[in-house]
Each structure stands twice: as C-alpha cells, then as structure tokens.
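Engineer: Contents of my_file.txt (compact mmCIF, C-alpha atoms) are given next:
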```
# COMPACT_ATOMS: atom_id res chain seq x y z
CA MET K 1 -165.09 33.66 -108.95
CA ASN K 2 -161.39 33.12 -108.23
CA LEU K 3 -161.77 34.84 -104.84
CA TYR K 4 -164.79 32.65 -104.09
CA ARG K 5 -162.85 29.47 -104.90
CA LYS K 6 -159.88 30.64 -102.86
CA MET K 7 -162.07 31.27 -99.80
CA TYR K 8 -163.78 27.91 -100.29
CA ARG K 9 -160.47 26.04 -100.50
CA THR K 10 -159.10 27.89 -97.48
CA LYS K 11 -162.07 26.84 -95.33
CA ILE K 12 -161.76 23.22 -96.39
CA PHE K 13 -158.01 23.25 -95.76
CA ILE K 14 -158.45 24.67 -92.25
CA LEU K 15 -161.06 22.03 -91.42
CA LEU K 16 -158.81 19.26 -92.75
CA LEU K 17 -155.96 20.50 -90.55
CA LEU K 18 -158.30 20.50 -87.56
CA LEU K 19 -159.41 16.96 -88.41
CA LEU K 20 -155.80 15.78 -88.63
CA PHE K 21 -155.00 17.37 -85.27
CA PHE K 22 -158.02 15.79 -83.56
CA ILE K 23 -157.16 12.38 -85.02
CA LEU K 24 -153.58 12.53 -83.72
CA PHE K 25 -154.60 14.02 -80.38
CA SER K 26 -157.36 11.41 -79.88
CA ILE K 27 -154.87 8.59 -80.42
CA THR K 28 -152.82 9.81 -77.46
CA LEU K 29 -155.79 9.58 -75.08
CA GLY K 30 -157.03 6.47 -73.32
CA ASP K 31 -156.23 4.14 -70.44
CA VAL K 32 -152.67 4.08 -71.77
CA LYS K 33 -151.33 7.59 -72.40
CA ILE K 34 -149.13 7.79 -75.49
CA PRO K 35 -146.98 10.90 -76.12
CA PHE K 36 -148.03 12.99 -79.10
CA THR K 37 -144.57 12.82 -80.67
CA ASP K 38 -144.52 9.01 -80.35
CA THR K 39 -147.92 8.83 -82.01
CA VAL K 40 -146.72 10.89 -84.98
CA LYS K 41 -143.55 8.79 -85.29
CA ILE K 42 -145.47 5.50 -85.21
CA ILE K 43 -147.87 6.60 -87.95
CA LEU K 44 -145.18 8.12 -90.17
CA ASN K 45 -143.04 5.01 -89.81
CA LYS K 46 -145.92 2.63 -90.53
CA PHE K 47 -147.13 4.37 -93.66
CA GLY K 48 -143.68 5.00 -95.10
CA PHE K 49 -143.42 8.76 -94.70
CA LEU K 50 -139.71 9.43 -94.01
CA SER K 51 -139.60 6.04 -92.25
CA SER K 52 -135.84 5.68 -92.76
CA LYS K 53 -135.22 8.95 -90.89
CA ILE K 54 -137.52 8.27 -87.94
CA ASP K 55 -135.93 7.07 -84.71
CA MET K 56 -138.28 4.47 -83.21
CA GLY K 57 -135.97 3.79 -80.27
CA GLY K 58 -137.58 4.22 -76.91
CA ILE K 59 -141.11 3.63 -78.18
CA LYS K 60 -142.75 0.65 -76.49
CA LYS K 61 -143.96 -2.16 -78.73
CA SER K 62 -147.20 -2.20 -76.77
CA ASN K 63 -147.76 1.46 -77.67
CA ILE K 64 -147.12 0.71 -81.34
CA PHE K 65 -149.71 -2.09 -81.19
CA ILE K 66 -152.27 0.13 -79.44
CA VAL K 67 -151.86 2.94 -81.97
CA LEU K 68 -151.92 0.83 -85.13
CA ASN K 69 -154.37 -1.92 -84.21
CA ILE K 70 -156.78 -0.41 -81.71
CA ARG K 71 -157.01 3.37 -81.69
CA LEU K 72 -156.16 4.39 -85.26
CA PRO K 73 -158.67 2.06 -87.00
CA ARG K 74 -161.34 3.04 -84.48
CA ILE K 75 -160.78 6.76 -85.01
CA LEU K 76 -160.63 6.45 -88.80
CA LEU K 77 -163.87 4.46 -88.80
CA ALA K 78 -165.46 7.19 -86.69
CA CYS K 79 -164.27 9.72 -89.30
CA LEU K 80 -165.88 7.77 -92.14
CA VAL K 81 -169.17 7.24 -90.31
CA GLY K 82 -169.33 10.87 -89.19
CA SER K 83 -168.64 12.06 -92.74
CA MET K 84 -171.32 9.84 -94.26
CA LEU K 85 -173.99 10.68 -91.68
CA SER K 86 -173.34 14.41 -92.02
CA LEU K 87 -173.39 14.27 -95.82
CA VAL K 88 -176.62 12.28 -95.83
CA GLY K 89 -178.23 14.69 -93.36
CA THR K 90 -177.25 17.69 -95.48
CA SER K 91 -178.66 16.06 -98.63
CA TYR K 92 -181.92 15.01 -96.98
CA GLN K 93 -182.55 18.43 -95.44
CA ALA K 94 -182.30 19.95 -98.91
CA ILE K 95 -184.40 17.32 -100.68
CA PHE K 96 -187.16 17.32 -98.05
CA LYS K 97 -186.79 21.06 -97.39
CA ASN K 98 -187.18 20.05 -93.77
CA PRO K 99 -184.72 21.09 -91.02
CA MET K 100 -185.63 18.01 -88.99
CA ALA K 101 -184.60 15.53 -91.70
CA ASP K 102 -181.74 13.30 -90.62
CA PRO K 103 -179.99 10.22 -92.09
CA PHE K 104 -182.60 7.90 -90.56
CA VAL K 105 -185.70 9.62 -91.92
CA MET K 106 -186.46 6.73 -94.29
CA GLY K 107 -186.42 4.13 -91.53
CA VAL K 108 -182.79 3.18 -91.99
CA SER K 109 -182.09 3.10 -88.26
CA SER K 110 -185.11 0.96 -87.38
CA GLY K 111 -184.43 -1.44 -90.25
CA ALA K 112 -180.81 -1.80 -89.22
CA ALA K 113 -181.75 -2.27 -85.56
CA PHE K 114 -184.30 -4.92 -86.51
CA GLY K 115 -181.73 -6.83 -88.57
CA ALA K 116 -179.08 -6.49 -85.86
CA THR K 117 -181.50 -7.68 -83.19
CA ILE K 118 -182.22 -10.83 -85.19
CA GLY K 119 -178.47 -11.40 -85.59
CA ILE K 120 -177.85 -10.96 -81.86
CA LEU K 121 -180.68 -13.31 -80.87
CA LEU K 122 -179.48 -15.97 -83.32
CA HIS K 123 -175.91 -15.59 -81.98
CA PHE K 124 -174.40 -14.87 -85.37
CA ASN K 125 -170.82 -14.32 -84.24
CA LYS K 126 -169.04 -15.43 -87.40
CA GLY K 127 -167.67 -12.82 -89.75
CA ILE K 128 -167.35 -12.24 -93.46
CA ILE K 129 -164.66 -9.89 -94.84
CA GLY K 130 -164.17 -8.32 -91.43
CA PHE K 131 -167.86 -7.85 -90.67
CA GLY K 132 -169.88 -9.88 -88.20
CA LEU K 133 -173.08 -11.40 -89.56
CA THR K 134 -174.97 -9.12 -87.19
CA SER K 135 -173.57 -6.11 -89.05
CA ILE K 136 -174.44 -7.68 -92.38
CA LEU K 137 -178.02 -8.30 -91.23
CA ALA K 138 -178.18 -4.71 -90.02
CA PHE K 139 -177.06 -3.50 -93.45
CA GLY K 140 -179.61 -5.74 -95.15
CA GLY K 141 -182.39 -4.60 -92.82
CA ALA K 142 -181.57 -0.95 -93.50
CA LEU K 143 -181.60 -1.42 -97.28
CA LEU K 144 -184.79 -3.50 -97.24
CA THR K 145 -186.62 -0.90 -95.14
CA THR K 146 -185.43 1.88 -97.44
CA PHE K 147 -186.66 -0.10 -100.46
CA ILE K 148 -190.10 -0.59 -98.88
CA VAL K 149 -190.43 3.07 -97.87
CA TYR K 150 -189.29 4.23 -101.30
CA ASN K 151 -191.85 2.09 -103.10
CA LEU K 152 -194.66 3.05 -100.73
CA ALA K 153 -193.97 6.73 -101.43
CA ARG K 154 -193.67 6.35 -105.21
CA VAL K 155 -196.66 7.33 -107.29
CA GLY K 156 -195.97 6.34 -110.87
CA SER K 157 -192.65 7.88 -111.78
CA LYS K 158 -192.82 10.56 -109.10
CA ILE K 159 -191.62 10.57 -105.50
CA SER K 160 -193.57 12.41 -102.83
CA THR K 161 -191.24 13.65 -100.09
CA THR K 162 -194.22 13.99 -97.74
CA SER K 163 -195.20 10.37 -98.38
CA ILE K 164 -191.61 9.27 -97.73
CA LEU K 165 -191.62 11.01 -94.35
CA LEU K 166 -194.94 9.41 -93.41
CA ALA K 167 -193.94 5.96 -94.67
CA GLY K 168 -190.62 6.24 -92.84
CA ILE K 169 -192.38 7.08 -89.58
CA VAL K 170 -194.84 4.18 -89.95
CA MET K 171 -192.11 1.65 -90.83
CA SER K 172 -189.96 2.87 -87.94
CA SER K 173 -192.88 2.42 -85.54
CA LEU K 174 -193.64 -1.09 -86.81
CA LEU K 175 -190.02 -2.23 -86.66
CA SER K 176 -189.48 -0.63 -83.24
CA SER K 177 -192.49 -2.57 -81.97
CA GLY K 178 -191.00 -5.77 -83.39
CA ILE K 179 -187.67 -5.05 -81.68
CA SER K 180 -189.43 -4.36 -78.37
CA LEU K 181 -191.36 -7.62 -78.67
CA MET K 182 -188.16 -9.59 -79.28
CA MET K 183 -186.50 -7.89 -76.31
CA ILE K 184 -189.41 -8.82 -74.02
CA PHE K 185 -188.96 -12.52 -74.80
CA ASN K 186 -185.14 -12.46 -74.72
CA HIS K 187 -184.03 -10.78 -71.50
CA ASP K 188 -180.58 -12.42 -71.64
CA GLU K 189 -179.65 -10.52 -74.79
CA LEU K 190 -181.20 -7.22 -73.69
CA ALA K 191 -177.87 -5.55 -72.87
CA LYS K 192 -176.34 -6.46 -76.24
CA ILE K 193 -179.32 -5.14 -78.18
CA ILE K 194 -179.42 -1.87 -76.25
CA SER K 195 -175.65 -1.45 -76.61
CA TRP K 196 -175.86 -1.88 -80.39
CA THR K 197 -178.70 0.59 -80.75
CA LEU K 198 -176.70 3.24 -78.86
CA GLY K 199 -173.70 3.00 -81.20
CA SER K 200 -170.06 2.07 -80.71
CA PHE K 201 -166.76 1.72 -82.59
CA ASN K 202 -165.35 -0.78 -80.13
CA GLY K 203 -164.92 -3.55 -82.70
CA ALA K 204 -163.34 -1.43 -85.45
CA ASN K 205 -160.69 -3.06 -87.64
CA TRP K 206 -158.76 -2.25 -90.81
CA THR K 207 -160.86 -4.57 -92.99
CA GLN K 208 -164.00 -2.66 -92.10
CA ILE K 209 -162.30 0.60 -92.98
CA VAL K 210 -161.16 -0.66 -96.38
CA VAL K 211 -164.64 -1.99 -97.23
CA ILE K 212 -166.50 1.11 -95.99
CA LEU K 213 -163.97 3.50 -97.56
CA ILE K 214 -165.02 2.59 -101.12
CA PRO K 215 -168.73 3.52 -100.86
CA ALA K 216 -167.87 6.45 -98.58
CA VAL K 217 -165.50 8.07 -101.09
CA VAL K 218 -167.53 7.23 -104.20
CA GLY K 219 -170.82 8.29 -102.56
CA THR K 220 -169.33 11.53 -101.26
CA LEU K 221 -167.85 12.52 -104.60
CA PHE K 222 -171.08 11.60 -106.36
CA LEU K 223 -173.43 13.52 -104.03
CA THR K 224 -171.26 16.65 -104.03
CA THR K 225 -171.75 16.87 -107.80
CA PHE K 226 -175.43 17.65 -107.14
CA ALA K 227 -174.69 20.85 -105.22
CA ARG K 228 -176.17 23.10 -107.91
CA GLU K 229 -179.34 20.99 -108.13
CA LEU K 230 -179.78 21.02 -104.35
CA ASN K 231 -179.41 24.81 -104.30
CA ALA K 232 -182.19 25.04 -106.85
CA ILE K 233 -184.51 22.53 -105.12
CA VAL K 234 -184.25 24.38 -101.81
CA MET K 235 -185.71 27.45 -103.56
CA GLY K 236 -188.68 25.38 -104.74
CA GLU K 237 -189.25 22.50 -107.15
CA GLU K 238 -191.05 24.64 -109.71
CA GLN K 239 -188.24 27.17 -109.78
CA ALA K 240 -185.69 24.35 -110.00
CA GLN K 241 -187.45 22.98 -113.08
CA ASN K 242 -187.38 26.42 -114.64
CA LEU K 243 -183.62 26.43 -114.10
CA GLY K 244 -183.32 23.16 -116.04
CA VAL K 245 -183.11 20.73 -113.10
CA ASN K 246 -184.73 17.33 -113.53
CA VAL K 247 -186.24 17.39 -110.04
CA GLU K 248 -187.71 13.87 -109.95
CA ARG K 249 -184.55 12.25 -111.26
CA THR K 250 -182.41 14.25 -108.83
CA LYS K 251 -184.58 13.27 -105.86
CA LYS K 252 -184.47 9.59 -106.78
CA VAL K 253 -180.71 9.52 -107.26
CA ILE K 254 -179.96 11.41 -104.05
CA LEU K 255 -182.44 9.43 -101.96
CA ILE K 256 -181.05 6.09 -103.14
CA THR K 257 -177.38 7.09 -102.82
CA ALA K 258 -177.81 8.79 -99.45
CA SER K 259 -179.83 5.88 -98.03
CA PHE K 260 -177.14 3.44 -99.14
CA LEU K 261 -174.47 5.51 -97.37
CA ALA K 262 -176.60 5.68 -94.22
CA ALA K 263 -177.02 1.90 -94.30
CA CYS K 264 -173.26 1.44 -94.65
CA ALA K 265 -172.62 3.75 -91.70
CA VAL K 266 -175.16 2.20 -89.35
CA SER K 267 -174.05 -1.36 -90.14
CA VAL K 268 -170.59 -0.76 -88.63
CA SER K 269 -171.41 1.65 -85.83
CA GLY K 270 -174.96 1.06 -84.69
CA ILE K 271 -177.39 3.95 -84.45
CA ILE K 272 -175.67 7.28 -83.77
CA GLY K 273 -178.07 10.18 -83.70
CA PHE K 274 -177.69 13.94 -84.11
CA VAL K 275 -174.58 13.85 -86.32
CA GLY K 276 -176.53 14.26 -89.55
CA LEU K 277 -178.89 16.73 -87.89
CA ILE K 278 -176.57 19.06 -86.00
CA VAL K 279 -173.46 19.33 -88.21
CA PRO K 280 -175.25 20.59 -91.36
CA HIS K 281 -177.14 23.20 -89.31
CA LEU K 282 -173.96 24.38 -87.62
CA PHE K 283 -172.12 24.99 -90.89
CA ARG K 284 -175.23 26.39 -92.55
CA LEU K 285 -175.34 28.92 -89.73
CA ILE K 286 -171.65 29.80 -90.13
CA LEU K 287 -171.11 29.54 -93.90
CA GLY K 288 -174.54 29.89 -95.43
CA SER K 289 -176.73 27.54 -97.48
CA ASP K 290 -174.69 27.23 -100.66
CA HIS K 291 -174.34 23.45 -101.06
CA ARG K 292 -171.18 23.86 -103.13
CA ILE K 293 -169.54 24.73 -99.81
CA LEU K 294 -171.96 23.11 -97.38
CA LEU K 295 -171.67 19.54 -98.68
CA PRO K 296 -167.86 19.14 -98.55
CA VAL K 297 -167.57 21.18 -95.34
CA SER K 298 -170.22 19.00 -93.67
CA VAL K 299 -168.27 15.90 -94.65
CA VAL K 300 -165.15 17.10 -92.82
CA GLY K 301 -167.15 18.63 -89.98
CA GLY K 302 -169.05 15.39 -89.39
CA ALA K 303 -165.76 13.52 -89.11
CA ILE K 304 -164.42 16.03 -86.57
CA PHE K 305 -167.62 15.95 -84.50
CA LEU K 306 -167.78 12.17 -84.28
CA VAL K 307 -164.06 11.79 -83.52
CA ILE K 308 -164.47 14.20 -80.60
CA CYS K 309 -167.60 12.42 -79.35
CA ASP K 310 -166.03 8.96 -79.63
CA THR K 311 -162.93 10.16 -77.78
CA LEU K 312 -165.13 11.48 -74.96
CA ALA K 313 -167.08 8.20 -74.96
CA ARG K 314 -163.99 6.09 -74.29
CA THR K 315 -162.05 8.47 -72.01
CA ILE K 316 -164.50 10.53 -69.96
CA LEU K 317 -164.91 7.71 -67.40
CA ASN K 318 -161.80 5.73 -66.46
CA GLY K 319 -162.19 2.08 -67.46
CA ILE K 320 -165.81 2.50 -68.61
CA GLU K 321 -166.83 3.17 -72.19
CA ILE K 322 -170.02 5.10 -72.82
CA PRO K 323 -171.93 4.37 -76.05
CA VAL K 324 -171.04 7.13 -78.48
CA GLY K 325 -174.71 7.70 -79.32
CA ILE K 326 -175.26 8.96 -75.79
CA ILE K 327 -172.43 11.49 -76.15
CA THR K 328 -173.72 12.77 -79.52
CA SER K 329 -177.17 13.22 -77.99
CA ILE K 330 -175.82 15.04 -74.94
CA CYS K 331 -173.77 17.36 -77.18
CA GLY K 332 -176.30 17.68 -79.99
CA GLY K 333 -179.57 18.01 -78.11
CA PRO K 334 -178.87 21.25 -76.22
CA PHE K 335 -177.17 22.75 -79.27
CA PHE K 336 -180.17 22.07 -81.47
CA LEU K 337 -182.49 23.59 -78.85
CA TYR K 338 -180.21 26.64 -78.88
CA LEU K 339 -180.54 26.85 -82.67
CA LEU K 340 -184.32 26.69 -82.43
CA LYS K 341 -184.36 29.41 -79.79
CA ARG K 342 -181.90 31.60 -81.71
CA ASN K 343 -183.72 31.36 -85.01
CA GLY K 344 -187.23 31.62 -83.62
CA ARG K 345 -189.59 31.34 -86.57
CA LYS K 346 -186.86 31.80 -89.15
CA LYS K 347 -186.12 28.98 -91.52
CA LEU K 348 -183.17 26.75 -90.67
CA ILE K 349 -182.78 25.78 -94.31
```
Re-express the file's structure as structure tokens.

Structural biologist:
Amino acid sequence: MNLYRKMYRTKIFILLLLLLFFILFSITLGDVKIPFTDTVKIILNKFGFLSSKIDMGGIKKSNIFIVLNIRLPRILLACLVGSMLSLVGTSYQAIFKNPMADPFVMGVSSGAAFGATIGILLHFNKGIIGFGLTSILAFGGALLTTFIVYNLARVGSKISTTSILLAGIVMSSLLSSGISLMMIFNHDELAKIISWTLGSFNGANWTQIVVILIPAVVGTLFLTTFARELNAIVMGEEQAQNLGVNVERTKKVILITASFLAACAVSVSGIIGFVGLIVPHLFRLILGSDHRILLPVSVVGGAIFLVICDTLARTILNGIEIPVGIITSICGGPFFLYLLKRNGRKKLI
C-alpha cells in the first residue's frame, strides 16, 4: 500500500511540474515575446515569493502588464476549465459505462449555447461580478437543460442512465434547432454566435478566476472522494450494490455535481469539445482504470491539454486567434480515431 501511494504521488507530482512548466512557457509566447526569466521574475514579484530579492530592473512595464493582466489570467482560466471538463468526462464515462460520454452528454452545451445566443441577440453587454450577462444566461441555460433532462430520465427514485442519454440527445436537438432558427433571422450577429460556440478565453479576467475557482476546487475534491464507488459501478451496478455502494444515490450526486461543474466551465469559455472525452481515455490507457488515480490525474492532464491548445490557438497564426474549440477538435479527433483503431472491439472503459 505504501508503494502504491508513493507511485501515485510521484505521478501527480510529475504532472504538476509539467503543468507549471507549460503555464510559464505559454506566458512567454504571443505577439509580444517575453523572456522566460522575466516571466518568472514578474510572477514571483507579484505574488510575494522572494519579492525583495528579485531585480525587476530592465523589465518593461508593458511586459509586466501583459503577463499579469492578459496572459496569466487567460492561461489560469484555461487550466480551470480543462480540469473541470476532464473531471466531468471521467465521472460520466464511469457512471454511464460508456466510452463516448463527455461533459455535454446531458445537454449542457446546447443549453448554454441557447442561453448565450439569447444574450448575444439582446446585446447584453453589461457584467455582474466579472461576468457578462451572456455568460450568466449561458450558465442558466446549461443548468435548466440539465434539470429538465434529469427529471425526464427519473423514474420514481431511480435514474436510468439510458434515459438520460436519450433525453440529452433530444434536448440537444431541440435547442440546436432553436439556435439555428435564431441565427437565420439574425445574420448580423451570426459571427458572434458562432465564435461563442467554438470556445475562447479571450475575455478572461481575475474576477472570473476567483469566482470559478471556488466551485472548481470544491467540486473536484468532492468528486474524487467517490473513486471507490466509481470503481465498483464500472464493474456493474449489481456487483457495486453487493460491495455496499448505494448506486442510485451515487449516480444522483455525481450527475448533479458534474453537470454543475460543466455548466460553470462552459459559461466562461463557450463550448470546447474533446477535452472531457480524450484526456480520460489517454490516462486510462497509460495508468489503468483505477479512479483513485484516474480522477486526480485527469484533472491535471485536462489543464495541461487545454493550456497547450489555447496557446496554439492564439499563436499558431500571427495576429489571428483561432477558436480553441477548433484546436481541441483537430488534436482530439485523430487521437480518438487512433484509440478506436488500436483497441478494436476491446472496451475503452
């Protein structure tokens, strides 16, 4: 057991070091190139780590502003969103016992897009606690859709995962049709709607990070406590009950918590696909299906993946930013096809 814990902690520590490196390296990239050493000095000085011993001479004020007010909040928000999407994807794949389950399986993405579309068409540009009203409507739309899907799939006190999948597909189709109809009659706002649905961290700020950080941390810690239950459910609900797991209660709690985290993520970033689908499969392939390892590792891995994709989105073309959802699809699509080919008829869960 001690050896197991040591190996587990070592893997997490290595991933955290990789995440830290990618965060710092990503900050240096952009239209304005900032030296790596200057980036480290700016961050250490700002957050009080050995600030009295750091020589800030020679560092441009414009570079300090870019690091602290533009790039760092954007990258940290990408970390949080990537972590939440990956965690939700890992949890859903276990609950549904379905390798195709992703964070938007309950219609979260369509509900958020519907709410955001209404906000864009009504020109809701004002903000509340760092969030535009469009983001707030997106969050509300995601939660409302999740609530409807959940209640449609509930039979008495039980939840049918098959019914949830079907209800999620139907709700997504209905809402997508509504979005398409609104787009047909509002050509002037077409670009804004499409841009939102493809995902971006362009408007990231520190207030958003502070607000999102609370549910992200609490939700992550809470879901990781269900690792043992998820391990049992993957083997079969009947066997899980024999092991003392309250399957129905566990499903309800995880579905509600995970859907809330997905709604939080999509409200600040738009719809970013493949993160919650690819990252859990990658680490399941490398480290196995034990959720005691898979859940926390997926959290860090999701952050790394989305930081890399967002960096590519804003730097791959000079002066032109590509929606990050396009980059995640380009990276994730071929990889997932490779997984399908590699595994053949074997289970991915």

Engineer: How close does each residue of stretch 148-226 of chain K get to stretch 297-304 of chain K, giving the shortest atom pair and distance in Å to one decimal for every residue with an atom at most 12 Å away, counting only C-alpha atoms, sorted by chain and residue number, as a Markdown table?

Structural biologist:
```
| residue | atom | partner | partner_atom | distance |
| --- | --- | --- | --- | --- |
| K:Ala216 | CA | K:Val299 | CA | 10.2 |
| K:Val217 | CA | K:Val299 | CA | 10.5 |
| K:Gly219 | CA | K:Val299 | CA | 11.3 |
| K:Thr220 | CA | K:Val299 | CA | 8.0 |
| K:Leu221 | CA | K:Val299 | CA | 10.5 |
| K:Leu223 | CA | K:Val299 | CA | 11.0 |
| K:Thr224 | CA | K:Val299 | CA | 9.9 |
```

Engineer: Give as a short mmCIF file (atom, residue, chain, number, x, y, z; two decimals) with C-alpha atoms, keeping the file's coordinate frame the set of residues within 12 Å of the point (-162.9, 12.0, -91.9), where distances use the file's coordinates and all atoms listed in the file.

Structural biologist:
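Final output, saved to point-v4.cif:
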```
data_model
loop_
_atom_site.label_atom_id
_atom_site.label_comp_id
_atom_site.auth_asym_id
_atom_site.auth_seq_id
_atom_site.Cartn_x
_atom_site.Cartn_y
_atom_site.Cartn_z
CA LEU K 15 -161.06 22.03 -91.42
CA LEU K 16 -158.81 19.26 -92.75
CA LEU K 17 -155.96 20.50 -90.55
CA LEU K 18 -158.30 20.50 -87.56
CA LEU K 19 -159.41 16.96 -88.41
CA LEU K 20 -155.80 15.78 -88.63
CA PHE K 21 -155.00 17.37 -85.27
CA PHE K 22 -158.02 15.79 -83.56
CA ILE K 23 -157.16 12.38 -85.02
CA PRO K 73 -158.67 2.06 -87.00
CA ARG K 74 -161.34 3.04 -84.48
CA ILE K 75 -160.78 6.76 -85.01
CA LEU K 76 -160.63 6.45 -88.80
CA LEU K 77 -163.87 4.46 -88.80
CA ALA K 78 -165.46 7.19 -86.69
CA CYS K 79 -164.27 9.72 -89.30
CA LEU K 80 -165.88 7.77 -92.14
CA VAL K 81 -169.17 7.24 -90.31
CA GLY K 82 -169.33 10.87 -89.19
CA SER K 83 -168.64 12.06 -92.74
CA MET K 84 -171.32 9.84 -94.26
CA LEU K 85 -173.99 10.68 -91.68
CA SER K 86 -173.34 14.41 -92.02
CA LEU K 87 -173.39 14.27 -95.82
CA ILE K 209 -162.30 0.60 -92.98
CA LEU K 213 -163.97 3.50 -97.56
CA ALA K 216 -167.87 6.45 -98.58
CA VAL K 217 -165.50 8.07 -101.09
CA THR K 220 -169.33 11.53 -101.26
CA PRO K 296 -167.86 19.14 -98.55
CA VAL K 297 -167.57 21.18 -95.34
CA SER K 298 -170.22 19.00 -93.67
CA VAL K 299 -168.27 15.90 -94.65
CA VAL K 300 -165.15 17.10 -92.82
CA GLY K 301 -167.15 18.63 -89.98
CA GLY K 302 -169.05 15.39 -89.39
CA ALA K 303 -165.76 13.52 -89.11
CA ILE K 304 -164.42 16.03 -86.57
CA PHE K 305 -167.62 15.95 -84.50
CA LEU K 306 -167.78 12.17 -84.28
CA VAL K 307 -164.06 11.79 -83.52
CA ILE K 308 -164.47 14.20 -80.60
#
```

Engineer: For each of K:Ala265, K:Ile34, K:Val67, K:Leu133, take the minimum atom-to-atom distance to K:Ile212, counting only C-alpha atoms, then give the residue where this is smallest.

Structural biologist: K:Ala265

Engineer: Using only C-alpha atoms, which residues sit within 7 Å of K:Thr134 once same-chain residues fewer than 3 positions away are excluded, as number ranges by chain?

Structural biologist: K: 116, 119-120, 124, 137-138

Engineer: Figure out the distance between atom CA of K:Thr146 and atom CA of K:Ser289, please, to one decimal in Å.

Structural biologist: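 If I compute the distance from atom CA of K:Ser289 to atom CA of K:Thr146, I get 27.1 Å.
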
Engineer: For a test of reading the model, state the distance in Å between atom CA of K:Gly89 and atom CA of K:Val275, rounded to one decimal.

Structural biologist: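 Computing the Euclidean distance for atom CA of K:Gly89 and atom CA of K:Val275 yields 8.0 Å.
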
Engineer: Distance atom CA of K:Thr311-atom CA of K:Asp55, one decimal place?

Structural biologist: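 Between atom CA of K:Thr311 and atom CA of K:Asp55 the gap works out to 28.0 Å.
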
Engineer: Counting all atoms listed in the file, which of K:Asn186, K:Ser109, K:Asn98, K:Asn205 gets nearest to K:Thr161?

Structural biologist: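 Of K:Asn186, K:Ser109, K:Asn98, K:Asn205, the one nearest K:Thr161, counting all atoms listed in the file, is K:Asn98.
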
Engineer: Using only C-alpha atoms, which of the listed residues (K:Gly107, K:Val210, K:Gly199, K:Leu181) sits closest to K:Leu166?

Structural biologist: K:Gly107
